[in-house]
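This report concerns only the one structure given below.
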Amino acid sequence: MSIPQSGGGPIEDYAQLAAYLESGCKPEAEFRIGTEHEKFGYCLEKHLPLPYEGPCSIHAMLSGLRDRFGWSPVEEAGKLIGLQKDGANVSLEPGGQLELSGAPLETIHETCDEVNQHLREVKQIGDGIGAAFIGLGAAPIWTHEQMPMMPKGRYKLMTRYMGQVGSLGTQMMYRTCTVQVNLDFGSEADMVQKFRVALALQPVATALFANSPFLEGRPNGWQSWRGRIWQDLDADRTGMLPFVFEDGMGFERYVDYALDVPMYFVYRDGRYIDALGQSFRDFLKGELPALPGEKPTLSDWADHLTTIFPEARIKKFMEMRGADGGPWRRLCALPALWVGLLYSQPSLDAAWDLVRDWTAEERDALRRDAAKLGLKAQIRGRSMQDLAAEVLTLAKAGLVARARPGAGGLIPDETHFLNALHEIVDTGRTPADELLEMYRGAWDGDLERIYAECSY
């Protein structure tokens with residue numbers, strides 16, 4: 001989850017809302033890659049989630065990273081709730097999931113080095129406090145009652161609201177993890193094309209990264225339980241956004257959509273003010289019940305945009321949000337997939353040709369089937385496995401065209417980061433399939449084995 005936004009004066013004109021999004025446009029030479037990933041922490045002794053406080057805890061982890069590796073603290077109401085360094089952030093999800101929001105970097109080589117350095121630091125601190133971390137899309141054994149709540153005012157408000165608008169919202173907050181990548185756009189037209197491709201092909205990422213087949217100690221019948229959760233969470237702020245594919249799509253159209261998403265809060269003077277279900281349109285008129293007579297700032301608008309959760313979303317950049325969290329190796333594969341597709345115009349054009357005549361109903365059905373069936377999902381009689389193979393071919397071509405070398409020039413491009421995904425497509429076995437095979441085979445139904453065998 002995002003930390004409170006800062007900067008930006010009062011909103012005097014409706015046009016400022018679209019201008020805020022449009023200000024993210026930049027020349028291709030300045031396109032960057034920001035990789036984010038979440039992971040579950042647990043105490044090695046009892047395999048229970050890390051509480052916020054104590055010798056084996058989230059606070060001990062954050063304090064250790066701060067003191068040993070030079071991260072600057074982020075606090076809320078006197079509580080350590082995050083860290084910052086060199087353009088990157090370490091933050092907390094509601095149930096204590098630890099998230100790295102990486103700095104905007106030029107190549108996948110750099111962003112993967114950043115991920116690896118972070119995980120090495122986390123392991124060093126974890127070894128000292130008796131904690132470990134595991135990369136999965138959903139907590140495999142823990143019940144909702146076992147999950148702690150992190151001391152962030154935003155989460156208290158969200159927890160109450162989620163219980164009113166969908167049946168699985170609090171599961172998303174407390175018992176899921178994701179990996180995502182944030183990418184840039186060069187113009188409004190570029191944003192629209194990338195947004196359409198990103199939304200249409202999120203189900204491919206959901207299938208390739210499906211990694212949450214367990215819930216409360218047993219198989220749940222889904223390849224991605226995390227993907228299942230997002231299908232029954234809050235219809236006002238989730239989904240595949242059919243309007244993005246309609247004529248007239250642009251920054252202003254996204255603003256209209258965002259204005260109709262009910263608010264969560266307003267952040268003032270270090271605290272979250274309850275604005276649950278209220279309207280940002282009323283806020284623009286100075287008629288918000290939570291702050292009568294007060295009008296919003298651009299920071300309020302930026303905060304509101306972080307409370308919208310479609311499969312892909314835009315702020316001053318674009319976020320790909322369809323993948324389960326996973327092990328070390330696949331954390332670098334997600335940015336490789338989307339950078340290859342979206343940062344090379346020929347690959348982007350070919351990807352759009354692939355999906356441009358799909359209907360809204362077909363896109364939504366593929367999203368639902370990808371979470372349930374993984375690579376066995378189909379669209380128009382074509383298997384997800386076959387579709388994913390073509391998508392990977394386009395992504396690889398895009399990375400070849402980028403020709404960004406690594407390892408001092410010894411590695412000619414970024415294509416090797418796709419290898420983990422090629423293996424999945426070639427074998428037809430998703431990460432969830434592999435976990436289920438181990439559970440039914442070598443683990444003999446003992447899901448506790450997942451901690452020793454799948455942790456970082």
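Identifiers in the structure tokens: chain A, B, ... in order shown; residue index from 1 per chain; ligand index from 1 in order shown.
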**Request:** Give the strand (DSSP E) residues of stretch 319-391 of chain A, as assigned by DSSP on the backbone, as a PyMOL selection string.
**Result:** chain A and resi 319-324+378-379+382-383
If you keep N, CA and C atoms, can you produce a file of those selected residues as a CSV table (one decimal), in the first residue's frame?
```csv
chain,number,residue,atom,x,y,z
A,319,GLU,N,0.8,1.0,-13.5
A,319,GLU,CA,1.1,-0.1,-12.7
A,319,GLU,C,0.4,-1.4,-13.2
A,320,MET,N,1.2,-2.5,-13.3
A,320,MET,CA,0.7,-3.8,-13.7
A,320,MET,C,0.5,-4.6,-12.4
A,321,ARG,N,-0.8,-5.0,-12.2
A,321,ARG,CA,-1.2,-5.5,-10.9
A,321,ARG,C,-1.7,-6.9,-10.8
A,322,GLY,N,-1.5,-7.7,-11.9
A,322,GLY,CA,-2.2,-9.0,-12.0
A,322,GLY,C,-1.5,-10.2,-11.5
A,323,ALA,N,-0.3,-10.1,-10.9
A,323,ALA,CA,0.6,-11.3,-10.6
A,323,ALA,C,0.6,-11.6,-9.1
A,324,ASP,N,0.7,-12.9,-8.8
A,324,ASP,CA,1.0,-13.3,-7.5
A,324,ASP,C,2.4,-13.1,-7.1
A,378,GLN,N,-9.0,-20.6,-21.5
A,378,GLN,CA,-9.1,-20.4,-23.0
A,378,GLN,C,-9.8,-19.1,-23.3
A,379,ILE,N,-9.5,-18.6,-24.5
A,379,ILE,CA,-10.2,-17.5,-25.1
A,379,ILE,C,-10.4,-17.8,-26.6
A,382,ARG,N,-8.7,-20.8,-27.9
A,382,ARG,CA,-7.2,-20.9,-27.8
A,382,ARG,C,-6.8,-21.0,-26.4
A,383,SER,N,-5.9,-21.8,-26.1
A,383,SER,CA,-5.5,-22.0,-24.7
A,383,SER,C,-4.6,-20.9,-24.2
```
**Message:** Neighbouring residues of A:Leu215 were defined as those with any atom within 9 Å, considering only C-alpha atoms; residues of the same chain fewer than 6 positions away were excluded. Please report them as a PyMOL selection string.
**Reply:** chain A and resi 138-143+225
**Request:** Would you mind listing what lies within 12 Å of A:Leu387 as JSON, numbers by chain, with only C-alpha atoms counted and same-chain residues fewer than 2 positions away left out?
**Result:** {"A": [200, 201, 203, 204, 205, 207, 208, 351, 354, 355, 366, 370, 374, 375, 376, 377, 378, 379, 380, 381, 382, 383, 384, 385, 389, 390, 391, 392, 393, 394, 425, 428]}
Taking a cut-off of 10 Å and counting only C-alpha atoms, can you build a table that, for each residue of stretch 14-87 of chain A near stretch 340-350 of chain A, reports the nearest atom pair and how far apart they are in Å (one decimal), sorted by chain then residue number, as JSON lines?
```
{"residue": "A:Glu28", "atom": "CA", "partner": "A:Tyr343", "partner_atom": "CA", "distance": 8.3}
{"residue": "A:Phe31", "atom": "CA", "partner": "A:Tyr343", "partner_atom": "CA", "distance": 8.2}
{"residue": "A:Arg32", "atom": "CA", "partner": "A:Tyr343", "partner_atom": "CA", "distance": 9.7}
```
**Request:** Quote the spacing between atom CA of A:Glu45 and atom CA of A:Met438 in Å to one decimal place.
**Result:**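 According to the coordinates, atom CA of A:Glu45 and atom CA of A:Met438 are separated by 22.8 Å.
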**6 Å contact set for stretch 276-288 of chain A, only C-alpha atoms, chain neighbours under 4 positions out, as a list in words** = Leu259, Pro262, Met263, Tyr264, Pro292, Gly293, Glu294 and Lys295 of chain A
**Asked** Between atom CA of A:Val122 and atom CA of A:Leu421, what is the spacing in Å?
**Response**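 So the two atoms, atom CA of A:Leu421 and atom CA of A:Val122, lie 25.5 Å apart.
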**Item:** Distance in Å - atom CA of A:Ser299 versus atom CA of A:Met318
**Value:**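 That distance, rounded to one decimal, is 18.1 Å.
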**Asked** What are the DSSP alpha helix (DSSP H) residues of stretch 230-340 of chain A, as a ChimeraX atom specification?
**Response** /A:251-259,280-284,298-305,328-331,333-340
**Prompt:** Quick one: residues within 7 Å of stretch 453-456 of chain A, only C-alpha atoms counted, chain neighbours fewer than 3 positions away excluded, as a PyMOL selection string?
**Reply:** chain A and resi 132-135+327-328+449-450
**Request:** Find the residues around A:Ala77 up to 10 Å (only C-alpha atoms counted), leave out those fewer than 5 positions away in its own chain, and share them as a VMD selection string.
**Result:** chain A and resid 151 to 153 270 to 271
